[in-house]
Amino acid sequence: MAEKLRSINWGLIFLLSVIAGIGFMVLYSAANASFDPWASKSMMRYGISLVLLLGVALVDVRFWLKAAYPIYLLGLVLLIAVDLHGRTGLGAQRWIELGPLSLQPSELMKIGLVMVLAHYFNGCTVEEVGRVRYLVYPLLLLAVPAALVMKQPDLGTAMMLVMSTGGIFFLAGVRLWKFAIAIAAGAGLVPIAFGFMRDYQKKRILTFLNPENDSLGAGYHITQSKIALGSGGMWGKGYLEGTQSHLNFLPEKHTDFIFTMFAEEFGMAGGCVLLALYALVVAYGFAIGLRCRNHFGRMLALGVTFNFFLYVFINTAMVMGLIPVVGVPLPLISYGGTAMLTLMFGFGLVVSVYIHRDVRINRRGESES
């Protein structure tokens, strides 16, 4: 145990803690210089999540190989439970009450899907990955949770599940021409899919194409976000001095649009520093994955890191108006319990891969000498 503790990648944990510290600071500002109601709870959740990360990291990566399907199935059961008995909030049924806890199972599924796909591709040869029939099963592993998430409805999380799976397929060695066919087929189905979308989802897409058309209605969020980003300038207005956020023009300033609030107070320079910290975390994760000697650990670390990258990219692109508005939080910054717990659980898996990077695992999931 002492040897494992010494082997933990403390540099990665330090980076995560720095980003979380920035999050506490921004949530304190969002509440008008008060730790309540967001910053104090976020600090407590990070402390619990950090203990979870260390606990997960010390467990042998071979255990997580065996636990991949049980965690995936648990995520499916919770998604079905949300459909049957879930709590509705902001027009969507995404949460389930487990005693004093309020969980969003779709967040757990993001990690569970990565684990089960890493398990599957660990048992495939390069030749098998190149054959279409070997991709049907992992596509089914994606389709079931994606359909349940879409039913909530939660288009943003469903998109993340699809993109995360696509990233793992690419890392596993799926040929590029297959991606080209899938993208072309998806583009052809867009008009059909648009007809099945809910009214608010259609409105989000139309607003993305022309936000000024309804700047006080459907386009209000993104219009105010752009105003706040622009008003921050290069160096920002100063900590606790953001006008758009503190005068309540900026909606959801403690969750989806928290990057906008940060950039208004610290400017483009502060935003670039935060993005650089995120880039360092991604670099750490990919370096750990590429260093691992077993295929399961390699796919697991790369998959979790790519999932983290999607969080950052989608949230920041959304608040800048580069993509339609979807409900994706900014990792370790936005207020939210389930997202932080599952994210830190995922990085616990990454650190476990780092500690056990020299463990050999064959295609059947057994240890090799």
# chains A, B, ... in the order shown; residues from 1 in each chain; ligands from 1
call {"tool": "select_by_dssp", "arguments": {"residues": "range 116-312 of chain A", "states": "alpha helix (DSSP H)", "output": "ChimeraX atom specification"}}
result
/A:116-122,126-129,136-150,155-172,176-196,199-209,220-232,243-246,258-291,295-312
call {"tool": "residues_around", "arguments": {"residues": "range 223-236 of chain A", "least_positions_apart": "4", "cutoff": "7 Å", "atoms": "only C-alpha atoms", "output": "PDB file with C-alpha atoms, in the first residue's frame"}}
result
ATOM      1  CA  PRO A 211     -29.451  34.145 -32.051  1.00  0.00           C
ATOM      2  CA  SER A 215     -32.518  37.974 -28.405  1.00  0.00           C
ATOM      3  CA  GLY A 219     -31.556  33.631 -27.880  1.00  0.00           C
ATOM      4  CA  GLN A 244     -23.470  40.920 -16.368  1.00  0.00           C
ATOM      5  CA  PHE A 249     -28.273  39.367 -16.758  1.00  0.00           C
ATOM      6  CA  LEU A 250     -26.259  36.161 -17.199  1.00  0.00           C
ATOM      7  CA  THR A 260     -18.563  33.184 -19.138  1.00  0.00           C
ATOM      8  CA  ALA A 263     -13.948  35.249 -18.377  1.00  0.00           C
ATOM      9  CA  GLU A 264     -15.865  38.462 -17.605  1.00  0.00           C
ATOM     10  CA  GLU A 265     -13.981  38.909 -14.329  1.00  0.00           C
ATOM     11  CA  PHE A 266     -10.545  37.671 -15.472  1.00  0.00           C
ATOM     12  CA  GLY A 267     -10.692  38.447 -19.181  1.00  0.00           C
ATOM     13  CA  MET A 268      -9.340  36.557 -22.142  1.00  0.00           C
ATOM     14  CA  ALA A 269      -6.025  36.103 -20.309  1.00  0.00           C
ATOM     15  CA  VAL A 319     -20.948  29.687 -24.190  1.00  0.00           C
ATOM     16  CA  MET A 320     -19.010  31.258 -27.079  1.00  0.00           C
TER      17      MET A 320
END
call {"tool": "closest_residue", "arguments": {"among": "A:Ala39, A:Gly167, A:Arg198, A:Ser334", "to": "Met150 in chain A", "atoms": "only C-alpha atoms"}}
result
A:Arg198
call {"tool": "closest_residue", "arguments": {"among": "A:Val304, A:Leu117, A:Lys66, A:Ala185", "to": "Met344 in chain A", "atoms": "only C-alpha atoms"}}
result
A:Val304
call {"tool": "atom_distance", "arguments": {"atom1": "CA of Met163 in chain A", "atom2": "CA of Arg175 in chain A"}}
result
16.0 Å
call {"tool": "closest_residue", "arguments": {"among": "A:Phe306, A:Tyr284, A:Tyr220, A:Tyr278", "to": "Pro331 in chain A", "atoms": "only C-alpha atoms"}}
result
A:Tyr278
call {"tool": "residues_around", "arguments": {"residues": "Tyr46 in chain A", "least_positions_apart": "2", "cutoff": "10 Å", "atoms": "only C-alpha atoms", "output": "list in words"}}
result
Ser17, Ala20, Gly21, Phe24, Ser40, Lys41, Ser42, Met43, Met44, Ile48, Ser49, Leu50, Val51, Leu52, Leu332, Gly337, Met340, Leu341 and Met344 of chain A
call {"tool": "write_last_selection", "arguments": {"atoms": "all heavy atoms", "output": "short mmCIF file (atom, residue, chain, number, x, y, z; two decimals), in the first residue's frame"}}
result
data_model
loop_
_atom_site.label_atom_id
_atom_site.label_comp_id
_atom_site.auth_asym_id
_atom_site.auth_seq_id
_atom_site.Cartn_x
_atom_site.Cartn_y
_atom_site.Cartn_z
N SER A 17 -6.80 19.74 -8.44
CA SER A 17 -7.10 20.54 -7.24
C SER A 17 -7.02 22.04 -7.54
O SER A 17 -7.81 22.83 -7.02
CB SER A 17 -6.13 20.18 -6.11
OG SER A 17 -6.27 18.82 -5.75
N ALA A 20 -10.19 22.90 -9.39
CA ALA A 20 -11.30 22.91 -8.42
C ALA A 20 -11.24 24.16 -7.55
O ALA A 20 -12.28 24.76 -7.23
CB ALA A 20 -11.26 21.65 -7.56
N GLY A 21 -10.03 24.58 -7.17
CA GLY A 21 -9.87 25.79 -6.37
C GLY A 21 -10.38 27.02 -7.12
O GLY A 21 -11.02 27.91 -6.53
N PHE A 24 -14.13 26.96 -6.82
CA PHE A 24 -14.64 27.47 -5.54
C PHE A 24 -14.65 29.00 -5.55
O PHE A 24 -15.60 29.64 -5.07
CB PHE A 24 -13.77 26.99 -4.37
CG PHE A 24 -13.57 25.50 -4.31
CD1 PHE A 24 -12.41 24.97 -3.78
CD2 PHE A 24 -14.54 24.63 -4.80
CE1 PHE A 24 -12.21 23.61 -3.71
CE2 PHE A 24 -14.35 23.26 -4.74
CZ PHE A 24 -13.18 22.75 -4.20
N SER A 40 -19.43 26.46 -0.64
CA SER A 40 -19.20 25.58 0.51
C SER A 40 -19.56 24.13 0.19
O SER A 40 -18.82 23.20 0.52
CB SER A 40 -20.00 26.06 1.72
OG SER A 40 -21.39 26.11 1.42
N LYS A 41 -20.69 23.94 -0.48
CA LYS A 41 -21.09 22.58 -0.85
C LYS A 41 -20.13 21.98 -1.87
O LYS A 41 -19.82 20.79 -1.82
CB LYS A 41 -22.52 22.59 -1.40
CG LYS A 41 -23.58 22.88 -0.36
CD LYS A 41 -24.97 22.84 -0.97
CE LYS A 41 -26.04 23.14 0.07
NZ LYS A 41 -27.40 23.16 -0.51
N SER A 42 -19.67 22.80 -2.81
CA SER A 42 -18.74 22.32 -3.82
C SER A 42 -17.41 21.91 -3.18
O SER A 42 -16.81 20.90 -3.57
CB SER A 42 -18.51 23.40 -4.87
OG SER A 42 -17.74 22.91 -5.94
N MET A 43 -16.94 22.66 -2.19
CA MET A 43 -15.71 22.31 -1.49
C MET A 43 -15.85 20.99 -0.74
O MET A 43 -14.96 20.14 -0.78
CB MET A 43 -15.34 23.44 -0.52
CG MET A 43 -14.95 24.73 -1.20
SD MET A 43 -14.85 26.14 -0.08
CE MET A 43 -13.37 25.74 0.83
N MET A 44 -17.00 20.79 -0.10
CA MET A 44 -17.25 19.54 0.61
C MET A 44 -17.29 18.36 -0.36
O MET A 44 -16.71 17.30 -0.10
CB MET A 44 -18.56 19.63 1.39
CG MET A 44 -18.92 18.37 2.16
SD MET A 44 -20.53 18.51 2.99
CE MET A 44 -21.62 18.56 1.56
N ILE A 48 -14.80 14.93 -0.61
CA ILE A 48 -15.29 13.55 -0.69
C ILE A 48 -14.82 12.89 -1.98
O ILE A 48 -14.39 11.73 -1.99
CB ILE A 48 -16.83 13.53 -0.61
CG1 ILE A 48 -17.29 14.04 0.76
CG2 ILE A 48 -17.38 12.13 -0.87
CD1 ILE A 48 -18.78 14.26 0.87
N SER A 49 -14.88 13.64 -3.08
CA SER A 49 -14.48 13.10 -4.38
C SER A 49 -12.99 12.78 -4.43
O SER A 49 -12.57 11.81 -5.06
CB SER A 49 -14.82 14.10 -5.49
OG SER A 49 -16.20 14.36 -5.54
N LEU A 50 -12.18 13.59 -3.74
CA LEU A 50 -10.74 13.34 -3.71
C LEU A 50 -10.42 12.05 -2.97
O LEU A 50 -9.56 11.27 -3.40
CB LEU A 50 -10.02 14.52 -3.05
CG LEU A 50 -8.49 14.49 -3.07
CD1 LEU A 50 -7.97 14.40 -4.49
CD2 LEU A 50 -7.93 15.71 -2.37
N VAL A 51 -11.13 11.81 -1.87
CA VAL A 51 -10.97 10.53 -1.15
C VAL A 51 -11.39 9.37 -2.06
O VAL A 51 -10.72 8.33 -2.11
CB VAL A 51 -11.81 10.53 0.15
CG1 VAL A 51 -11.78 9.15 0.81
CG2 VAL A 51 -11.29 11.60 1.11
N LEU A 52 -12.48 9.56 -2.80
CA LEU A 52 -12.93 8.53 -3.75
C LEU A 52 -11.87 8.27 -4.80
O LEU A 52 -11.58 7.11 -5.13
CB LEU A 52 -14.24 8.99 -4.40
CG LEU A 52 -14.78 8.10 -5.53
CD1 LEU A 52 -15.20 6.73 -4.98
CD2 LEU A 52 -15.96 8.77 -6.24
N LEU A 332 -15.21 20.46 -12.81
CA LEU A 332 -14.62 20.93 -11.55
C LEU A 332 -14.88 22.42 -11.27
O LEU A 332 -14.49 22.92 -10.22
CB LEU A 332 -13.11 20.68 -11.52
CG LEU A 332 -12.69 19.22 -11.66
CD1 LEU A 332 -11.17 19.13 -11.81
CD2 LEU A 332 -13.15 18.39 -10.49
N GLY A 337 -23.08 17.97 -8.03
CA GLY A 337 -22.50 16.89 -7.24
C GLY A 337 -22.17 15.65 -8.04
O GLY A 337 -21.05 15.14 -7.99
N MET A 340 -19.21 15.97 -10.53
CA MET A 340 -17.90 15.99 -9.89
C MET A 340 -17.50 14.61 -9.38
O MET A 340 -16.35 14.17 -9.57
CB MET A 340 -17.89 16.99 -8.73
CG MET A 340 -16.55 17.07 -8.01
SD MET A 340 -16.48 18.33 -6.72
CE MET A 340 -16.37 19.82 -7.70
N LEU A 341 -18.43 13.89 -8.76
CA LEU A 341 -18.13 12.56 -8.24
C LEU A 341 -17.72 11.60 -9.35
O LEU A 341 -16.73 10.87 -9.23
CB LEU A 341 -19.33 12.00 -7.48
CG LEU A 341 -19.58 12.56 -6.07
CD1 LEU A 341 -20.94 12.11 -5.55
CD2 LEU A 341 -18.48 12.12 -5.11
N MET A 344 -14.26 12.57 -10.85
CA MET A 344 -13.14 12.18 -9.99
C MET A 344 -13.00 10.66 -9.93
O MET A 344 -11.88 10.13 -9.82
CB MET A 344 -13.33 12.77 -8.60
CG MET A 344 -13.26 14.29 -8.57
SD MET A 344 -11.63 14.95 -8.95
CE MET A 344 -10.84 14.76 -7.35
#
call {"tool": "residues_around", "arguments": {"residues": "Gln104 in chain A", "least_positions_apart": "3", "cutoff": "7 Å", "atoms": "only C-alpha atoms", "output": "ChimeraX atom specification"}}
result
/A:94-96,107,338
call {"tool": "write_last_selection", "arguments": {"atoms": "N, CA, C and O atoms", "output": "compact mmCIF listing (two decimals), in the first residue's frame"}}
result
# COMPACT_ATOMS: atom_id res chain seq x y z
N ARG A 94 -34.21 13.84 -15.08
CA ARG A 94 -32.83 13.36 -15.15
C ARG A 94 -32.28 12.89 -13.81
O ARG A 94 -31.21 12.30 -13.76
N TRP A 95 -32.98 13.15 -12.72
CA TRP A 95 -32.44 12.87 -11.40
C TRP A 95 -33.26 11.80 -10.69
O TRP A 95 -34.46 11.64 -10.92
N ILE A 96 -32.59 11.07 -9.80
CA ILE A 96 -33.26 10.08 -8.98
C ILE A 96 -32.84 10.28 -7.54
O ILE A 96 -31.65 10.57 -7.25
N GLU A 107 -24.61 10.74 -15.82
CA GLU A 107 -23.20 11.07 -15.58
C GLU A 107 -22.41 9.79 -15.28
O GLU A 107 -21.28 9.62 -15.76
N THR A 338 -23.14 15.13 -8.82
CA THR A 338 -22.93 13.88 -9.54
C THR A 338 -21.82 14.01 -10.57
O THR A 338 -20.99 13.12 -10.73
call {"tool": "closest_residue", "arguments": {"among": "A:Met1, A:Leu139, A:Val273, A:Leu53", "to": "Ile13 in chain A", "atoms": "only C-alpha atoms"}}
result
A:Leu53
call {"tool": "closest_atom_pairs", "arguments": {"of": "range 256-299 of chain A", "to": "range 345-353 of chain A", "cutoff": "12 Å", "atoms": "only C-alpha atoms", "output": "tab-separated table"}}
result
residue	atom	partner	partner_atom	distance
A:Val281	CA	A:Phe347	CA	10.0
A:Val282	CA	A:Phe347	CA	10.8
A:Tyr284	CA	A:Val350	CA	9.6
A:Gly285	CA	A:Val350	CA	6.9
A:Phe286	CA	A:Val350	CA	9.5
A:Ala287	CA	A:Val350	CA	10.5
A:Ile288	CA	A:Val353	CA	7.3
A:Gly289	CA	A:Val353	CA	7.4
A:Leu290	CA	A:Val353	CA	10.4
A:Arg291	CA	A:Val353	CA	9.4
A:Cys292	CA	A:Val353	CA	6.9
A:Arg293	CA	A:Val353	CA	9.5
A:Asn294	CA	A:Val353	CA	9.1
A:His295	CA	A:Val353	CA	10.5
A:Phe296	CA	A:Val353	CA	9.0
A:Gly297	CA	A:Val353	CA	5.4
A:Arg298	CA	A:Val353	CA	7.6
A:Met299	CA	A:Val353	CA	9.9
call {"tool": "residues_around", "arguments": {"residues": "Val82 in chain A", "least_positions_apart": "2", "cutoff": "10 Å", "atoms": "only C-alpha atoms", "output": "JSON, numbers by chain"}}
result
{"A": [76, 77, 78, 79, 80, 84, 85, 86, 87, 88, 93, 94, 95, 96, 97, 103, 104, 105, 106, 148, 149, 152]}
call {"tool": "write_last_selection", "arguments": {"atoms": "N, CA, C and O atoms", "output": "PDB file, in the first residue's frame"}}
result
ATOM      1  N   LEU A  76     -27.365   1.387 -16.264  1.00  0.00           N
ATOM      2  CA  LEU A  76     -28.594   1.122 -17.005  1.00  0.00           C
ATOM      3  C   LEU A  76     -29.797   1.030 -16.072  1.00  0.00           C
ATOM      4  O   LEU A  76     -30.866   1.578 -16.354  1.00  0.00           O
ATOM      5  N   VAL A  77     -29.624   0.317 -14.954  1.00  0.00           N
ATOM      6  CA  VAL A  77     -30.718   0.171 -13.983  1.00  0.00           C
ATOM      7  C   VAL A  77     -31.141   1.538 -13.458  1.00  0.00           C
ATOM      8  O   VAL A  77     -32.338   1.839 -13.334  1.00  0.00           O
ATOM      9  N   LEU A  78     -30.165   2.391 -13.151  1.00  0.00           N
ATOM     10  CA  LEU A  78     -30.485   3.726 -12.637  1.00  0.00           C
ATOM     11  C   LEU A  78     -31.156   4.586 -13.701  1.00  0.00           C
ATOM     12  O   LEU A  78     -32.050   5.383 -13.390  1.00  0.00           O
ATOM     13  N   LEU A  79     -30.756   4.434 -14.968  1.00  0.00           N
ATOM     14  CA  LEU A  79     -31.404   5.182 -16.043  1.00  0.00           C
ATOM     15  C   LEU A  79     -32.864   4.754 -16.206  1.00  0.00           C
ATOM     16  O   LEU A  79     -33.748   5.586 -16.438  1.00  0.00           O
ATOM     17  N   ILE A  80     -33.116   3.446 -16.079  1.00  0.00           N
ATOM     18  CA  ILE A  80     -34.487   2.947 -16.153  1.00  0.00           C
ATOM     19  C   ILE A  80     -35.283   3.458 -14.945  1.00  0.00           C
ATOM     20  O   ILE A  80     -36.455   3.841 -15.069  1.00  0.00           O
ATOM     21  N   LEU A  84     -38.804   5.731 -14.630  1.00  0.00           N
ATOM     22  CA  LEU A  84     -39.991   5.305 -13.886  1.00  0.00           C
ATOM     23  C   LEU A  84     -40.315   6.203 -12.696  1.00  0.00           C
ATOM     24  O   LEU A  84     -41.476   6.510 -12.439  1.00  0.00           O
ATOM     25  N   HIS A  85     -39.268   6.608 -11.965  1.00  0.00           N
ATOM     26  CA  HIS A  85     -39.513   7.341 -10.716  1.00  0.00           C
ATOM     27  C   HIS A  85     -38.629   8.572 -10.566  1.00  0.00           C
ATOM     28  O   HIS A  85     -38.418   9.046  -9.451  1.00  0.00           O
ATOM     29  N   GLY A  86     -38.089   9.075 -11.662  1.00  0.00           N
ATOM     30  CA  GLY A  86     -37.140  10.177 -11.579  1.00  0.00           C
ATOM     31  C   GLY A  86     -37.781  11.502 -11.212  1.00  0.00           C
ATOM     32  O   GLY A  86     -38.986  11.698 -11.354  1.00  0.00           O
ATOM     33  N   ARG A  87     -36.899  12.418 -10.736  1.00  0.00           N
ATOM     34  CA  ARG A  87     -37.351  13.772 -10.379  1.00  0.00           C
ATOM     35  C   ARG A  87     -37.151  14.695 -11.568  1.00  0.00           C
ATOM     36  O   ARG A  87     -36.119  14.646 -12.244  1.00  0.00           O
ATOM     37  N   THR A  88     -38.135  15.519 -11.828  1.00  0.00           N
ATOM     38  CA  THR A  88     -38.089  16.439 -12.961  1.00  0.00           C
ATOM     39  C   THR A  88     -37.544  17.791 -12.516  1.00  0.00           C
ATOM     40  O   THR A  88     -37.909  18.311 -11.464  1.00  0.00           O
ATOM     41  N   GLN A  93     -36.496  15.015 -16.939  1.00  0.00           N
ATOM     42  CA  GLN A  93     -36.519  14.029 -15.855  1.00  0.00           C
ATOM     43  C   GLN A  93     -35.172  13.310 -15.845  1.00  0.00           C
ATOM     44  O   GLN A  93     -34.976  12.306 -16.499  1.00  0.00           O
ATOM     45  N   ARG A  94     -34.207  13.840 -15.079  1.00  0.00           N
ATOM     46  CA  ARG A  94     -32.828  13.362 -15.145  1.00  0.00           C
ATOM     47  C   ARG A  94     -32.282  12.890 -13.807  1.00  0.00           C
ATOM     48  O   ARG A  94     -31.212  12.301 -13.759  1.00  0.00           O
ATOM     49  N   TRP A  95     -32.978  13.153 -12.720  1.00  0.00           N
ATOM     50  CA  TRP A  95     -32.438  12.875 -11.395  1.00  0.00           C
ATOM     51  C   TRP A  95     -33.264  11.796 -10.691  1.00  0.00           C
ATOM     52  O   TRP A  95     -34.458  11.644 -10.920  1.00  0.00           O
ATOM     53  N   ILE A  96     -32.586  11.068  -9.803  1.00  0.00           N
ATOM     54  CA  ILE A  96     -33.260  10.075  -8.977  1.00  0.00           C
ATOM     55  C   ILE A  96     -32.836  10.282  -7.536  1.00  0.00           C
ATOM     56  O   ILE A  96     -31.651  10.565  -7.255  1.00  0.00           O
ATOM     57  N   GLU A  97     -33.779  10.191  -6.639  1.00  0.00           N
ATOM     58  CA  GLU A  97     -33.510  10.387  -5.219  1.00  0.00           C
ATOM     59  C   GLU A  97     -33.173   9.050  -4.562  1.00  0.00           C
ATOM     60  O   GLU A  97     -33.954   8.103  -4.615  1.00  0.00           O
ATOM     61  N   LEU A 103     -29.064  11.905  -7.504  1.00  0.00           N
ATOM     62  CA  LEU A 103     -28.082  11.462  -8.482  1.00  0.00           C
ATOM     63  C   LEU A 103     -28.595  11.652  -9.901  1.00  0.00           C
ATOM     64  O   LEU A 103     -29.794  11.543 -10.170  1.00  0.00           O
ATOM     65  N   GLN A 104     -27.658  11.914 -10.810  1.00  0.00           N
ATOM     66  CA  GLN A 104     -27.968  11.988 -12.228  1.00  0.00           C
ATOM     67  C   GLN A 104     -27.274  10.800 -12.901  1.00  0.00           C
ATOM     68  O   GLN A 104     -26.090  10.864 -13.232  1.00  0.00           O
ATOM     69  N   PRO A 105     -27.996   9.689 -13.113  1.00  0.00           N
ATOM     70  CA  PRO A 105     -27.375   8.451 -13.609  1.00  0.00           C
ATOM     71  C   PRO A 105     -26.674   8.587 -14.952  1.00  0.00           C
ATOM     72  O   PRO A 105     -25.752   7.822 -15.246  1.00  0.00           O
ATOM     73  N   SER A 106     -27.094   9.540 -15.779  1.00  0.00           N
ATOM     74  CA  SER A 106     -26.447   9.702 -17.082  1.00  0.00           C
ATOM     75  C   SER A 106     -24.977  10.066 -16.926  1.00  0.00           C
ATOM     76  O   SER A 106     -24.149   9.737 -17.790  1.00  0.00           O
ATOM     77  N   LEU A 148     -32.115   5.761 -23.674  1.00  0.00           N
ATOM     78  CA  LEU A 148     -32.702   6.094 -22.377  1.00  0.00           C
ATOM     79  C   LEU A 148     -32.433   7.550 -21.998  1.00  0.00           C
ATOM     80  O   LEU A 148     -33.297   8.223 -21.426  1.00  0.00           O
ATOM     81  N   VAL A 149     -31.234   8.039 -22.313  1.00  0.00           N
ATOM     82  CA  VAL A 149     -30.888   9.431 -22.010  1.00  0.00           C
ATOM     83  C   VAL A 149     -31.695  10.392 -22.887  1.00  0.00           C
ATOM     84  O   VAL A 149     -32.164  11.430 -22.415  1.00  0.00           O
ATOM     85  N   GLN A 152     -35.140  11.307 -21.629  1.00  0.00           N
ATOM     86  CA  GLN A 152     -35.322  12.100 -20.405  1.00  0.00           C
ATOM     87  C   GLN A 152     -35.973  13.473 -20.628  1.00  0.00           C
ATOM     88  O   GLN A 152     -36.734  13.870 -19.723  1.00  0.00           O
TER      89      GLN A 152
END
call {"tool": "atom_distance", "arguments": {"atom1": "CA of Gly123 in chain A", "atom2": "CA of Arg364 in chain A"}}
result
6.1 Å
call {"tool": "closest_residue", "arguments": {"among": "A:Gly173, A:Gly271, A:Gly195, A:Pro138", "to": "Val126 in chain A", "atoms": "only C-alpha atoms"}}
result
A:Gly173
call {"tool": "decode", "arguments": {"residues": "range 31-48 of chain A", "atoms": "N, CA, C and O atoms", "output": "PDB file, in the first residue's frame"}}
result
ATOM      1  N   ALA A  31     -22.176  33.869  -5.929  1.00  0.00           N
ATOM      2  CA  ALA A  31     -23.125  34.080  -4.830  1.00  0.00           C
ATOM      3  C   ALA A  31     -22.938  35.438  -4.169  1.00  0.00           C
ATOM      4  O   ALA A  31     -23.338  35.637  -3.015  1.00  0.00           O
ATOM      5  N   ASN A  32     -22.297  36.372  -4.904  1.00  0.00           N
ATOM      6  CA  ASN A  32     -22.072  37.736  -4.387  1.00  0.00           C
ATOM      7  C   ASN A  32     -21.252  37.733  -3.108  1.00  0.00           C
ATOM      8  O   ASN A  32     -21.664  38.228  -2.060  1.00  0.00           O
ATOM      9  N   ALA A  33     -20.048  37.134  -3.222  1.00  0.00           N
ATOM     10  CA  ALA A  33     -19.079  37.086  -2.115  1.00  0.00           C
ATOM     11  C   ALA A  33     -19.630  36.328  -0.912  1.00  0.00           C
ATOM     12  O   ALA A  33     -19.510  36.777   0.234  1.00  0.00           O
ATOM     13  N   SER A  34     -20.196  35.157  -1.182  1.00  0.00           N
ATOM     14  CA  SER A  34     -20.717  34.312  -0.111  1.00  0.00           C
ATOM     15  C   SER A  34     -20.393  32.853  -0.417  1.00  0.00           C
ATOM     16  O   SER A  34     -20.468  32.422  -1.566  1.00  0.00           O
ATOM     17  N   PHE A  35     -20.019  32.106   0.634  1.00  0.00           N
ATOM     18  CA  PHE A  35     -19.748  30.681   0.433  1.00  0.00           C
ATOM     19  C   PHE A  35     -21.032  29.875   0.235  1.00  0.00           C
ATOM     20  O   PHE A  35     -20.996  28.784  -0.315  1.00  0.00           O
ATOM     21  N   ASP A  36     -22.131  30.430   0.701  1.00  0.00           N
ATOM     22  CA  ASP A  36     -23.423  29.776   0.536  1.00  0.00           C
ATOM     23  C   ASP A  36     -24.178  30.435  -0.627  1.00  0.00           C
ATOM     24  O   ASP A  36     -24.098  31.650  -0.811  1.00  0.00           O
ATOM     25  N   PRO A  37     -24.894  29.661  -1.463  1.00  0.00           N
ATOM     26  CA  PRO A  37     -25.184  28.229  -1.258  1.00  0.00           C
ATOM     27  C   PRO A  37     -24.312  27.277  -2.050  1.00  0.00           C
ATOM     28  O   PRO A  37     -24.487  26.065  -1.960  1.00  0.00           O
ATOM     29  N   TRP A  38     -23.355  27.804  -2.871  1.00  0.00           N
ATOM     30  CA  TRP A  38     -22.681  26.936  -3.831  1.00  0.00           C
ATOM     31  C   TRP A  38     -21.252  26.574  -3.447  1.00  0.00           C
ATOM     32  O   TRP A  38     -20.878  25.388  -3.498  1.00  0.00           O
ATOM     33  N   ALA A  39     -20.433  27.541  -3.093  1.00  0.00           N
ATOM     34  CA  ALA A  39     -19.006  27.283  -2.886  1.00  0.00           C
ATOM     35  C   ALA A  39     -18.752  26.286  -1.758  1.00  0.00           C
ATOM     36  O   ALA A  39     -17.939  25.369  -1.894  1.00  0.00           O
ATOM     37  N   SER A  40     -19.434  26.461  -0.637  1.00  0.00           N
ATOM     38  CA  SER A  40     -19.197  25.579   0.510  1.00  0.00           C
ATOM     39  C   SER A  40     -19.557  24.130   0.187  1.00  0.00           C
ATOM     40  O   SER A  40     -18.818  23.201   0.522  1.00  0.00           O
ATOM     41  N   LYS A  41     -20.687  23.939  -0.481  1.00  0.00           N
ATOM     42  CA  LYS A  41     -21.090  22.582  -0.848  1.00  0.00           C
ATOM     43  C   LYS A  41     -20.131  21.983  -1.875  1.00  0.00           C
ATOM     44  O   LYS A  41     -19.816  20.792  -1.818  1.00  0.00           O
ATOM     45  N   SER A  42     -19.672  22.802  -2.806  1.00  0.00           N
ATOM     46  CA  SER A  42     -18.738  22.316  -3.819  1.00  0.00           C
ATOM     47  C   SER A  42     -17.410  21.909  -3.183  1.00  0.00           C
ATOM     48  O   SER A  42     -16.808  20.899  -3.575  1.00  0.00           O
ATOM     49  N   MET A  43     -16.943  22.662  -2.187  1.00  0.00           N
ATOM     50  CA  MET A  43     -15.706  22.314  -1.486  1.00  0.00           C
ATOM     51  C   MET A  43     -15.853  20.988  -0.740  1.00  0.00           C
ATOM     52  O   MET A  43     -14.955  20.138  -0.780  1.00  0.00           O
ATOM     53  N   MET A  44     -16.999  20.786  -0.097  1.00  0.00           N
ATOM     54  CA  MET A  44     -17.245  19.537   0.614  1.00  0.00           C
ATOM     55  C   MET A  44     -17.288  18.364  -0.357  1.00  0.00           C
ATOM     56  O   MET A  44     -16.707  17.302  -0.105  1.00  0.00           O
ATOM     57  N   ARG A  45     -17.953  18.561  -1.486  1.00  0.00           N
ATOM     58  CA  ARG A  45     -18.054  17.495  -2.483  1.00  0.00           C
ATOM     59  C   ARG A  45     -16.690  17.158  -3.072  1.00  0.00           C
ATOM     60  O   ARG A  45     -16.393  15.991  -3.348  1.00  0.00           O
ATOM     61  N   TYR A  46     -15.854  18.182  -3.266  1.00  0.00           N
ATOM     62  CA  TYR A  46     -14.524  17.897  -3.810  1.00  0.00           C
ATOM     63  C   TYR A  46     -13.693  17.096  -2.813  1.00  0.00           C
ATOM     64  O   TYR A  46     -12.954  16.191  -3.202  1.00  0.00           O
ATOM     65  N   GLY A  47     -13.807  17.421  -1.528  1.00  0.00           N
ATOM     66  CA  GLY A  47     -13.083  16.647  -0.516  1.00  0.00           C
ATOM     67  C   GLY A  47     -13.496  15.179  -0.540  1.00  0.00           C
ATOM     68  O   GLY A  47     -12.637  14.280  -0.503  1.00  0.00           O
ATOM     69  N   ILE A  48     -14.801  14.929  -0.613  1.00  0.00           N
ATOM     70  CA  ILE A  48     -15.290  13.546  -0.691  1.00  0.00           C
ATOM     71  C   ILE A  48     -14.823  12.888  -1.982  1.00  0.00           C
ATOM     72  O   ILE A  48     -14.387  11.726  -1.994  1.00  0.00           O
TER      73      ILE A  48
END
